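*Asks:* If it helps, the file is called target-v9.txt and holds compact mmCIF, C-alpha atoms and all ligand atoms:
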# COMPACT_ATOMS: atom_id res chain seq x y z
CA MET C 281 0.00 0.00 0.00
CA SER C 282 2.82 2.42 -0.61
CA ARG C 283 2.19 5.89 -1.93
CA PHE C 284 4.21 4.97 -4.98
CA ASN C 285 1.63 2.49 -6.17
CA ALA C 286 -0.60 3.60 -8.99
CA LEU C 287 -3.44 5.62 -7.57
CA ASP C 288 -6.82 4.00 -7.15
CA LEU C 289 -9.88 5.35 -8.86
CA GLY C 290 -12.81 5.84 -6.53
CA LEU C 291 -16.27 7.30 -6.30
CA VAL C 292 -17.16 9.89 -3.67
CA VAL C 293 -20.27 8.53 -1.98
CA ARG C 294 -20.45 10.96 0.90
CA GLY C 295 -18.74 14.11 2.13
CA HIS C 296 -18.44 15.44 5.66
CA GLY C 297 -16.62 18.73 5.62
CA ARG C 298 -12.95 17.81 5.44
CA HIS C 299 -13.35 14.10 4.89
CA TYR C 300 -15.00 11.98 2.30
CA ILE C 301 -16.15 8.43 1.95
CA VAL C 302 -14.69 7.00 -1.25
CA GLU C 303 -15.68 3.67 -2.74
CA ASP C 304 -13.32 1.74 -5.00
CA SER C 305 -14.36 -0.45 -7.91
CA ASP C 306 -14.63 -3.49 -5.63
CA GLY C 307 -17.03 -1.65 -3.36
CA ARG C 308 -14.51 -1.15 -0.55
CA ARG C 309 -14.96 2.10 1.30
CA PHE C 310 -12.23 4.42 2.54
CA VAL C 311 -12.33 7.50 4.69
CA CYS C 312 -10.32 9.97 2.65
CA HIS C 313 -8.84 13.36 3.26
CA PRO C 314 -7.84 15.68 0.47
CA ARG C 315 -4.11 16.20 -0.04
CA GLY C 316 -4.24 19.98 0.04
CA LYS C 317 -6.05 22.30 2.40
CA LYS C 318 -8.86 22.91 0.04
CA SER C 319 -10.91 20.28 -1.64
CA ASP C 320 -13.70 20.65 -4.06
CA ALA C 321 -14.69 17.01 -4.40
CA VAL C 322 -18.42 16.40 -4.27
CA VAL C 323 -20.61 13.31 -4.15
CA GLY C 324 -20.52 11.59 -7.53
CA ASP C 325 -16.98 12.67 -8.28
CA GLN C 326 -14.42 10.18 -9.54
CA VAL C 327 -11.22 10.74 -7.62
CA ARG C 328 -7.68 9.41 -7.69
CA PHE C 329 -6.68 8.38 -4.22
CA ALA C 330 -3.79 6.72 -2.45
CA GLU C 331 -4.53 4.08 0.14
CA ALA C 332 -3.04 5.06 3.48
CA SER C 333 -4.32 2.04 5.41
CA ALA C 334 -6.95 -0.65 5.04
CA ASP C 335 -9.72 1.87 5.29
CA GLU C 336 -8.14 5.29 4.89
CA GLY C 337 -6.82 7.22 1.97
CA VAL C 338 -5.72 10.52 0.54
CA ILE C 339 -7.45 12.15 -2.39
CA GLU C 340 -4.86 13.32 -4.87
CA ALA C 341 -7.05 14.58 -7.68
CA VAL C 342 -10.61 14.95 -8.87
CA GLU C 343 -11.22 13.62 -12.36
CA PRO C 344 -12.91 15.90 -14.92
CA ARG C 345 -16.69 16.00 -14.50
CA ARG C 346 -19.39 15.23 -17.00
CA ASN C 347 -21.69 17.66 -15.24
CA LEU C 348 -22.25 19.37 -11.88
CA LEU C 349 -25.57 20.23 -10.31
CA PHE C 350 -25.32 23.24 -8.04
CA ARG C 351 -26.99 26.37 -6.80
CA GLN C 352 -25.42 29.71 -6.15
CA ASP C 353 -26.82 32.05 -3.57
CA GLU C 354 -25.57 35.53 -2.90
CA TRP C 355 -22.74 34.40 -0.68
CA LYS C 356 -22.01 30.82 -1.47
CA THR C 357 -22.04 28.11 -4.07
CA LYS C 358 -23.55 24.84 -2.98
CA SER C 359 -22.74 21.81 -5.08
CA PHE C 360 -25.31 19.04 -4.98
CA ALA C 361 -23.45 16.33 -6.90
CA ALA C 362 -21.49 15.56 -10.05
CA ASN C 363 -21.69 13.11 -12.95
CA LEU C 364 -25.43 12.60 -12.79
CA ASP C 365 -27.65 10.95 -15.35
CA GLN C 366 -30.84 12.52 -14.12
CA LEU C 367 -32.62 14.54 -11.49
CA LEU C 368 -35.82 13.57 -9.73
CA VAL C 369 -37.50 16.57 -8.18
CA LEU C 370 -39.69 15.21 -5.43
CA VAL C 371 -42.58 17.37 -4.31
CA ALA C 372 -45.49 16.36 -2.13
CA VAL C 373 -49.14 17.12 -1.62
CA GLU C 374 -48.02 18.20 1.86
CA PRO C 375 -46.06 20.29 2.65
CA VAL C 376 -47.38 22.41 -0.21
CA PHE C 377 -44.50 23.04 -2.58
CA SER C 378 -43.20 26.35 -3.77
CA GLU C 379 -43.50 26.57 -7.53
CA SER C 380 -40.61 29.01 -7.58
CA GLN C 381 -38.33 26.42 -5.95
CA LEU C 382 -39.51 23.81 -8.41
CA CYS C 383 -38.73 26.11 -11.35
CA ARG C 384 -35.31 26.88 -9.94
CA ALA C 385 -34.39 23.23 -9.54
CA LEU C 386 -35.46 22.54 -13.12
CA ILE C 387 -33.50 25.52 -14.44
CA ALA C 388 -30.38 24.39 -12.58
CA ALA C 389 -30.70 20.94 -14.13
CA GLU C 390 -31.44 22.21 -17.62
CA SER C 391 -28.47 24.58 -17.56
CA ALA C 392 -26.22 21.77 -16.32
CA GLY C 393 -27.44 19.47 -19.12
CA ILE C 394 -29.14 16.99 -16.78
CA ARG C 395 -32.56 15.62 -17.68
CA ALA C 396 -35.22 15.97 -15.02
CA ALA C 397 -38.54 14.53 -13.97
CA ILE C 398 -41.01 15.45 -11.25
CA ALA C 399 -42.63 13.06 -8.81
CA LEU C 400 -45.60 14.08 -6.73
CA ASN C 401 -45.63 12.12 -3.48
CA LYS C 402 -48.29 11.56 -0.79
CA THR C 403 -51.13 11.18 -3.26
CA ASP C 404 -52.96 9.34 -0.49
CA LEU C 405 -53.69 12.74 1.07
CA PRO C 406 -56.58 15.04 0.26
CA GLY C 407 -55.27 18.00 -1.68
CA THR C 408 -53.88 15.74 -4.39
CA ASP C 409 -56.11 17.30 -7.04
CA ALA C 410 -54.92 20.80 -6.21
CA ALA C 411 -51.28 19.72 -6.32
CA ARG C 412 -51.84 17.95 -9.62
CA GLU C 413 -53.38 21.09 -11.03
CA ARG C 414 -50.40 23.18 -10.01
CA LEU C 415 -48.19 20.73 -11.87
CA ALA C 416 -50.26 20.82 -15.07
CA PRO C 417 -47.96 23.34 -16.83
CA TYR C 418 -45.02 21.00 -16.26
CA ARG C 419 -46.89 18.06 -17.69
CA ALA C 420 -47.83 20.22 -20.68
CA MET C 421 -44.15 21.12 -21.16
CA GLY C 422 -43.50 17.45 -21.74
CA LEU C 423 -41.67 16.81 -18.50
CA LYS C 424 -41.85 13.29 -17.24
CA MET C 425 -44.24 13.24 -14.32
CA PHE C 426 -44.92 10.57 -11.71
CA GLU C 427 -47.50 10.27 -8.97
CA VAL C 428 -46.65 8.14 -5.99
CA ALA C 429 -47.48 7.43 -2.37
CA LEU C 430 -44.12 6.18 -1.17
CA LYS C 431 -45.33 5.24 2.25
CA ALA C 432 -49.01 4.53 1.65
CA ASP C 433 -48.55 2.46 -1.53
CA ARG C 434 -45.08 1.00 -1.53
CA GLU C 435 -45.59 -1.58 -4.25
CA GLY C 436 -47.37 0.81 -6.59
CA SER C 437 -44.70 3.44 -6.09
CA ARG C 438 -41.91 1.00 -6.76
CA ALA C 439 -43.61 -0.09 -9.99
CA THR C 440 -44.13 3.53 -11.05
CA LEU C 441 -40.59 4.76 -10.47
CA GLY C 442 -38.52 1.61 -10.85
CA PRO C 443 -38.24 1.48 -14.64
CA TRP C 444 -37.26 5.15 -14.94
CA LEU C 445 -34.62 4.84 -12.24
CA ALA C 446 -33.12 1.59 -13.48
CA GLU C 447 -29.47 1.72 -14.47
CA GLN C 448 -29.24 5.46 -13.95
CA ARG C 449 -27.59 7.70 -11.42
CA THR C 450 -30.41 9.81 -10.08
CA PHE C 451 -30.17 12.74 -7.73
CA VAL C 452 -33.27 13.14 -5.55
CA LEU C 453 -33.93 16.77 -4.78
CA GLY C 454 -36.76 18.54 -3.05
CA PRO C 455 -37.84 20.58 -0.08
CA SER C 456 -37.71 19.06 3.39
CA GLY C 457 -40.40 16.56 4.26
CA THR C 458 -41.41 15.47 0.76
CA GLY C 459 -40.26 11.87 1.20
CA LYS C 460 -36.78 11.71 -0.35
CA SER C 461 -35.41 9.46 2.37
CA THR C 462 -38.61 7.42 2.30
CA LEU C 463 -37.88 6.76 -1.37
CA ILE C 464 -34.33 5.68 -0.59
CA ASN C 465 -35.55 3.29 2.08
CA LEU C 466 -38.13 1.86 -0.29
CA LEU C 467 -35.61 1.05 -3.02
CA VAL C 468 -32.39 0.41 -1.13
CA GLN C 469 -32.16 -2.56 1.18
CA ASP C 470 -30.58 -1.70 4.51
CA ALA C 471 -30.34 1.96 3.60
CA GLN C 472 -31.79 3.08 6.92
CA ALA C 473 -31.95 6.65 5.76
CA GLN C 474 -33.36 8.78 8.52
CA VAL C 475 -36.97 9.60 7.85
CA GLY C 476 -38.69 12.58 9.36
CA GLU C 477 -41.02 10.88 11.79
CA ILE C 478 -41.30 12.78 14.98
CA SER C 479 -39.87 10.58 17.68
CA GLN C 480 -42.20 11.15 20.59
CA ALA C 481 -40.61 8.60 22.85
CA LEU C 482 -37.25 10.30 22.59
CA ASN C 483 -38.71 13.73 22.07
CA SER C 484 -35.85 14.29 19.70
CA GLY C 485 -37.70 16.22 17.06
CA ARG C 486 -37.85 15.41 13.37
CA HIS C 487 -35.17 13.44 11.63
CA THR C 488 -34.03 15.37 8.69
CA THR C 489 -31.32 14.48 6.22
CA THR C 490 -28.20 16.58 6.72
CA THR C 491 -25.72 15.18 4.20
CA THR C 492 -25.85 14.15 0.59
CA GLN C 493 -25.38 10.45 0.26
CA TRP C 494 -24.99 7.98 -2.57
CA TYR C 495 -26.82 4.63 -2.45
CA TRP C 496 -26.74 1.69 -4.83
CA THR C 497 -30.10 -0.05 -5.16
CA ASP C 498 -28.58 -3.28 -6.46
CA ASP C 499 -25.61 -5.49 -5.66
CA GLY C 500 -24.31 -5.08 -9.20
CA ARG C 501 -24.06 -1.33 -8.54
CA THR C 502 -25.74 -0.24 -11.72
CA THR C 503 -28.51 1.90 -10.25
CA ALA C 504 -27.80 4.74 -7.87
CA LEU C 505 -29.98 7.10 -5.88
CA ILE C 506 -28.57 10.12 -4.14
CA ASP C 507 -30.40 11.37 -1.07
CA SER C 508 -29.97 15.02 -0.18
CA PRO C 509 -31.02 17.45 2.51
CA GLY C 510 -34.12 19.51 1.79
CA PHE C 511 -33.30 22.98 0.56
CA GLN C 512 -34.89 26.30 1.35
CA GLU C 513 -33.02 28.79 -0.73
CA PHE C 514 -32.23 28.08 -4.34
CA GLY C 515 -30.14 30.84 -5.88
CA LEU C 516 -29.30 30.75 -9.57
CA ARG C 517 -26.52 33.31 -9.61
CA GLN C 518 -24.52 31.09 -11.91
CA ILE C 519 -26.92 31.90 -14.72
CA ASP C 520 -26.49 34.83 -17.05
CA ALA C 521 -29.68 36.94 -16.90
CA ALA C 522 -29.78 37.27 -20.68
CA GLU C 523 -29.77 33.48 -21.03
CA LEU C 524 -32.29 32.62 -18.35
CA TRP C 525 -35.16 32.02 -20.77
CA ARG C 526 -33.09 29.44 -22.63
CA TRP C 527 -33.26 27.14 -19.62
CA MET C 528 -37.06 27.25 -19.48
CA PRO C 529 -38.22 25.02 -22.34
CA ASP C 530 -41.71 26.54 -22.58
CA LEU C 531 -40.28 30.07 -22.94
CA ARG C 532 -37.60 28.88 -25.30
CA GLU C 533 -40.19 27.31 -27.56
CA HIS C 534 -41.92 30.66 -28.04
CA ALA C 535 -38.91 32.96 -28.07
CA ASP C 536 -39.56 34.07 -31.60
CA CYS C 537 -39.15 37.78 -31.00
CA ARG C 538 -38.56 40.93 -33.03
CA PHE C 539 -35.36 41.70 -31.15
CA HIS C 540 -32.70 39.04 -30.98
CA ASN C 541 -31.73 40.19 -27.48
CA CYS C 542 -35.33 40.36 -26.25
CA CYS C 543 -35.61 39.74 -22.51
CA HIS C 544 -39.33 39.03 -22.88
CA ILE C 545 -40.50 41.63 -20.37
CA HIS C 546 -41.45 44.83 -22.16
CA GLU C 547 -40.19 44.66 -25.74
CA PRO C 548 -42.66 44.97 -28.62
CA GLY C 549 -43.06 41.97 -30.88
CA CYS C 550 -42.20 39.49 -28.12
CA GLY C 551 -43.21 35.93 -28.89
CA VAL C 552 -43.00 34.88 -25.25
CA ARG C 553 -45.42 37.55 -24.08
CA ALA C 554 -47.78 36.72 -26.92
CA ALA C 555 -47.71 33.08 -25.84
CA VAL C 556 -48.43 34.04 -22.23
CA GLU C 557 -51.42 36.10 -23.37
CA ALA C 558 -52.65 33.23 -25.51
CA GLY C 559 -52.37 30.84 -22.56
CA ARG C 560 -49.63 28.76 -24.13
CA ILE C 561 -47.15 29.61 -21.38
CA SER C 562 -48.50 29.42 -17.84
CA ALA C 563 -48.91 32.77 -16.11
CA SER C 564 -47.19 31.47 -12.99
CA ARG C 565 -44.14 30.25 -14.90
CA TYR C 566 -43.86 33.62 -16.62
CA ARG C 567 -44.21 35.48 -13.31
CA ILE C 568 -41.45 33.33 -11.79
CA TYR C 569 -39.28 34.00 -14.84
CA GLY C 570 -39.69 37.74 -14.19
CA GLU C 571 -38.78 37.34 -10.52
CA ILE C 572 -35.65 35.32 -11.18
CA LEU C 573 -34.63 37.66 -13.99
CA GLU C 574 -34.88 40.65 -11.68
CA GLU C 575 -32.82 38.83 -9.08
CA LEU C 576 -30.10 38.07 -11.64
CA GLN C 577 -30.09 41.60 -13.02
CA ARG C 578 -29.61 42.96 -9.52
CA LYS C 579 -26.42 41.05 -8.92
CA THR C 580 -23.49 43.29 -8.37
CA TRP C 581 -20.74 41.47 -10.20
N1 LIG C 601 -49.08 10.55 3.97
C1 LIG C 601 -47.91 10.19 3.47
N2 LIG C 601 -46.77 10.49 4.14
C2 LIG C 601 -45.60 10.14 3.60
C3 LIG C 601 -45.52 9.42 2.37
N3 LIG C 601 -44.21 9.23 2.08
C4 LIG C 601 -43.49 9.79 3.08
N4 LIG C 601 -44.33 10.32 4.02
C5 LIG C 601 -43.94 10.97 5.30
O1 LIG C 601 -43.34 12.23 5.05
C6 LIG C 601 -42.43 12.54 6.12
C7 LIG C 601 -41.11 13.03 5.57
O2 LIG C 601 -40.44 11.99 4.90
P1 LIG C 601 -38.87 11.98 4.63
O3 LIG C 601 -38.61 10.82 3.74
O4 LIG C 601 -38.10 12.10 5.87
O5 LIG C 601 -38.71 13.34 3.82
P2 LIG C 601 -37.35 13.98 3.25
O6 LIG C 601 -37.72 14.54 1.92
O7 LIG C 601 -36.26 13.00 3.29
O8 LIG C 601 -37.08 15.20 4.27
P3 LIG C 601 -35.66 15.92 4.62
O9 LIG C 601 -34.66 14.86 4.91
O10 LIG C 601 -35.99 16.78 5.78
O11 LIG C 601 -35.29 16.73 3.41
C8 LIG C 601 -42.31 11.28 6.96
O12 LIG C 601 -43.10 11.42 8.10
C9 LIG C 601 -42.85 10.21 6.03
O13 LIG C 601 -43.38 9.11 6.73
C10 LIG C 601 -46.74 9.07 1.72
O14 LIG C 601 -46.79 8.42 0.67
N5 LIG C 601 -47.89 9.50 2.31
MG MG C 602 -34.42 13.06 4.15
ZN ZN C 603 -39.30 38.19 -26.32
Go ahead and express the file in the form of structure tokens.
Ligand SMILES: Nc1nc2c(ncn2[C@@H]2O[C@H](COP(=O)(O)OP(=O)(O)OP(=O)(O)O)[C@@H](O)[C@H]2O)c(=O)[nH]1
Ligand SMILES: [Mg+2]
Ligand SMILES: [Zn+2]
*Replies:*
Amino acid sequence: MSRFNALDLGLVVRGHGRHYIVEDSDGRRFVCHPRGKKSDAVVGDQVRFAEASADEGVIEAVEPRRNLLFRQDEWKTKSFAANLDQLLVLVAVEPVFSESQLCRALIAAESAGIRAAIALNKTDLPGTDAARERLAPYRAMGLKMFEVALKADREGSRATLGPWLAEQRTFVLGPSGTGKSTLINLLVQDAQAQVGEISQALNSGRHTTTTTQWYWTDDGRTTALIDSPGFQEFGLRQIDAAELWRWMPDLREHADCRFHNCCHIHEPGCGVRAAVEAGRISASRYRIYGEILEELQRKTW
């Protein structure tokens, strides 16, 4: 195990501040520290690492990424994960989801070149019709859309999502309490992801996921699900204001405008605004576009 051996190639399956859990191609796991002070490895990264002992190692380099899903707020960039095949945005009938957050997650994925789908969970609850209605514009956009009850109908949910998830690396994203960890526990044996039941006996409050974690659903390690903490803020500072509409497929489809640099807010001859007026782009999506655009135009760098 000398440092002069060829470096191993591993997959980052979890990160905790200054140390990472890295899995090699045989499925062995190592607690790894980065060589330098700073490390920018994220879950899903392929890294070159040197074994330091039977279960420890040193990350020497991060391999080039195929893609990176992240958000950028005013003060910080938060990477979700790298090298993803797809994103599953999980929303629920309860808690009622913010459409703005949903749009932002989809824009982040689109701009990173990662295909996305939406799953509506907790369809056993009343309020399902209202939630479904709020998602209608997304269905109309051609986004893949699932309806599940991960806890109330385990078999049905597995049958609904299983084929889409098979042999892909899927990042599961959504606000807190939508059922992301419940999904992991449904599909991954022995995952024991903490689920937000309130523990009354221990009076310990809700269990909420605090770190991003990679799970294989099968022994052959062909299908992966990545659990993540629920987010509140979802900044898109990484996106150029003038390009924002390009990452919203329904706006893009109608961006046949008189001015080539139209920002689709007040210009005459704007195809996007015409489509909003004709009901071909949902009013709420267009309003959210305006809000995000304003936020991006306000940025000071
Ligand atoms: N009624 C109903 N409740 C569900 C269903 N699926 C999950 N839940 C409940 O929703 C709550 C939150 O589930 P979690 O899986 O912890 O949610 P999470 O998205 O991982 O939440 P964070 O880790 O905080 O981001 C738990 O009490 C689950 O039991 C469902 O199909 N129906
Ligand atoms: Mg969770
Ligand atoms: Zn326009």
*Asks:* Could you build a table of the residues in chain C lying no more than 10 Å from ligand MG 602 (chain C), giving for each the nearest pair of atoms and their separation in Å rounded to one decimal place, using all atoms listed in the file, ordered by chain and ascending residue number, as a Markdown table?
*Replies:*
| residue | atom | partner | partner_atom | distance |
| --- | --- | --- | --- | --- |
| C:Val452 | CA | C:MG602 | MG | 9.8 |
| C:Leu453 | CA | C:MG602 | MG | 9.7 |
| C:Gly454 | CA | C:MG602 | MG | 9.3 |
| C:Pro455 | CA | C:MG602 | MG | 9.3 |
| C:Ser456 | CA | C:MG602 | MG | 6.9 |
| C:Gly457 | CA | C:MG602 | MG | 6.9 |
| C:Thr458 | CA | C:MG602 | MG | 8.1 |
| C:Gly459 | CA | C:MG602 | MG | 6.7 |
| C:Lys460 | CA | C:MG602 | MG | 5.3 |
| C:Ser461 | CA | C:MG602 | MG | 4.1 |
| C:Thr462 | CA | C:MG602 | MG | 7.3 |
| C:Leu463 | CA | C:MG602 | MG | 9.1 |
| C:Ile464 | CA | C:MG602 | MG | 8.8 |
| C:Ala473 | CA | C:MG602 | MG | 7.1 |
| C:Gln474 | CA | C:MG602 | MG | 6.2 |
| C:Val475 | CA | C:MG602 | MG | 5.7 |
| C:Gly476 | CA | C:MG602 | MG | 6.8 |
| C:His487 | CA | C:MG602 | MG | 7.5 |
| C:Thr488 | CA | C:MG602 | MG | 5.1 |
| C:Thr489 | CA | C:MG602 | MG | 4.0 |
| C:Thr490 | CA | C:MG602 | MG | 7.6 |
| C:Thr491 | CA | C:MG602 | MG | 9.0 |
| C:Thr492 | CA | C:MG602 | MG | 9.3 |
| C:Asp507 | CA | C:MG602 | MG | 6.8 |
| C:Ser508 | CA | C:MG602 | MG | 6.5 |
| C:Pro509 | CA | C:MG602 | MG | 5.8 |
| C:Gly510 | CA | C:MG602 | MG | 6.9 |
*Asks:* Just the number, please: distance in Å from CA of Leu287 in chain C to CA of Leu349 in chain C, one decimal.
*Replies:*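 Taking CA of Leu287 in chain C as the start and CA of Leu349 in chain C as the end point, the length is 26.7 Å.
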*Asks:* Hey, which of C:Tyr300, C:Phe511, C:Phe451, C:Trp496 ends up closest to Ile398 in chain C? Count only C-alpha atoms.
*Replies:*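 The answer is C:Phe451, which sits nearest to Ile398 in chain C.
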*Asks:* Could you please determine the separation between CA of Val323 in chain C and CA of Gly442 in chain C in Å, to one decimal place?
*Replies:*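 Rounded to one decimal, the two atoms are 22.4 Å apart.
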*Asks:* What is the distance, in Å and to one decimal place, between CA of Ser437 in chain C and CA of Cys383 in chain C?
*Replies:*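 If I compute the distance from CA of Ser437 in chain C to CA of Cys383 in chain C, I get 24.0 Å.
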*Asks:* Could you name the residues that touch Thr440 in chain C at 10 Å or less, counting only C-alpha atoms, but leaving out those on the same chain fewer than 6 positions away, as a list in words?
*Replies:*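 What passes the distance filter is Ala399, Phe426, Glu427, Val428 and Arg434 of chain C.
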*Asks:* Using only C-alpha atoms and all ligand atoms for the distances, tell me which of C:Cys550, C:Ile561, C:Val468, C:Ala388 is nearest to ligand ZN 603 (chain C).
*Replies:* C:Cys550
*Asks:* For Ala361 in chain C, which of C:Arg565, C:Arg449, C:Arg328, C:Lys318 is the closest residue, counting all atoms listed in the file?
*Replies:*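 Looking at the shortest contact to Ala361 in chain C, the residue is C:Arg449.
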*Asks:* Tell me, as a list in words, which residues lie within 7 Å of range 523-533 of chain C, counting all atoms listed in the file; anything in the same chain fewer than 6 positions away does not count.
*Replies:*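 Listed by chain and then number, they are Ile387, Glu390, Ser391, Met421, Val552 and Ile561 of chain C.
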*Asks:* Taking 6 positions as the minimum chain separation for residues in the same chain, which residues sit within 12 Å of Thr497 in chain C when counting all atoms listed in the file? Answer as a list in words.
*Replies:*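 In the requested form, the answer reads Arg438, Gly442, Leu445, Ala446, Glu447, Gln448, Arg449, Thr450, Leu463, Ile464, Asn465, Leu466, Leu467, Val468, Gln469, Asp470, Ala471, Thr503, Ala504, Leu505 and Ile506 of chain C.
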*Asks:* So that all listed atoms of range 567-572 of chain C fit with 5 Å spare on each side, what axis-aligned box centre and edge lengths in Å, to one decimal, would you give as AutoDock Vina command-line options?
*Replies:*
--center_x -39.9 --center_y 35.5 --center_z -12.7 --size_x 18.6 --size_y 14.4 --size_z 14.3
*Asks:* When distances are computed from only C-alpha atoms, which of C:Ile572, C:Ala554, C:Ala392, C:Ala522 shows the smallest separation from Cys542 in chain C?
*Replies:*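 Of C:Ile572, C:Ala554, C:Ala392, C:Ala522, the one nearest Cys542 in chain C is C:Ala522, counting only C-alpha atoms.
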*Asks:* Counting all atoms listed in the file, what residues are within 10 Å of ligand ZN 603 (chain C), given as a list in words?
*Replies:*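 Those within range of ligand ZN 603 (chain C) are Trp525, Leu531, Arg532, His534, Ala535, Asp536, Cys537, Arg538, Phe539, His540, Asn541, Cys542, Cys543, His544, Ile545, His546, Glu547, Pro548, Gly549, Cys550, Gly551, Val552, Arg553, Ala554 and Ala555 of chain C.
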*Asks:* Measuring atom to atom with all atoms listed in the file, identify which of C:Pro344, C:Gly290, C:Gly407, C:Gly297 is nearest to ligand LIG 601 (chain C).
*Replies:*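 Going through C:Pro344, C:Gly290, C:Gly407, C:Gly297 one by one, the smallest distance to ligand LIG 601 (chain C) is for C:Gly407.
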*Asks:* Can you list, as a PDB file with C-alpha atoms, keeping the file's coordinate frame, every protein, DNA or RNA residue that comes within 9 Å of range 356-359 of chain C when you count all atoms listed in the file, leaving out same-chain residues fewer than 5 positions away?
*Replies:*
ATOM      1  CA  VAL C 322     -18.420  16.400  -4.270  1.00  0.00           C
ATOM      2  CA  VAL C 323     -20.610  13.310  -4.150  1.00  0.00           C
ATOM      3  CA  LEU C 348     -22.250  19.370 -11.880  1.00  0.00           C
ATOM      4  CA  LEU C 349     -25.570  20.230 -10.310  1.00  0.00           C
ATOM      5  CA  PHE C 350     -25.320  23.240  -8.040  1.00  0.00           C
ATOM      6  CA  ARG C 351     -26.990  26.370  -6.800  1.00  0.00           C
ATOM      7  CA  GLY C 515     -30.140  30.840  -5.880  1.00  0.00           C
ATOM      8  CA  ARG C 517     -26.520  33.310  -9.610  1.00  0.00           C
ATOM      9  CA  GLN C 518     -24.520  31.090 -11.910  1.00  0.00           C
TER      10      GLN C 518
END
*Asks:* Between C:Ala521, C:Ile568, C:Val371, C:Leu423, which has the minimum distance to ligand LIG 601 (chain C) (counting all atoms listed in the file)?
*Replies:*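 Checking each of C:Ala521, C:Ile568, C:Val371, C:Leu423 against ligand LIG 601 (chain C), counting all atoms listed in the file, the winner is C:Val371.
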*Asks:* So which residues touch Asp404 in chain C within 9 Å, counting only C-alpha atoms, skipping near sequence neighbours fewer than 3 positions away, as a short mmCIF file (atom, residue, chain, number, x, y, z; two decimals) with C-alpha atoms, in the frame of the given file?
*Replies:*
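out-v1.cif, written as the output of this step:
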data_model
loop_
_atom_site.label_atom_id
_atom_site.label_comp_id
_atom_site.auth_asym_id
_atom_site.auth_seq_id
_atom_site.Cartn_x
_atom_site.Cartn_y
_atom_site.Cartn_z
CA VAL C 373 -49.14 17.12 -1.62
CA ASN C 401 -45.63 12.12 -3.48
CA THR C 408 -53.88 15.74 -4.39
CA VAL C 428 -46.65 8.14 -5.99
CA ALA C 429 -47.48 7.43 -2.37
CA ALA C 432 -49.01 4.53 1.65
CA ASP C 433 -48.55 2.46 -1.53
#
*Asks:* Got a sec to check which residues sit within 12 Å of (-7.3, 3.0, -10.1), counting all atoms listed in the file, and write them as a list in words?
*Replies:*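 Residues with an atom close enough to that point: Asn285, Ala286, Leu287, Asp288, Leu289, Gly290, Leu291, Glu303, Asp304, Ser305, Asp306, Gln326, Val327, Arg328, Phe329, Ala330, Glu331, Ile339, Glu340, Ala341 and Glu343 of chain C.
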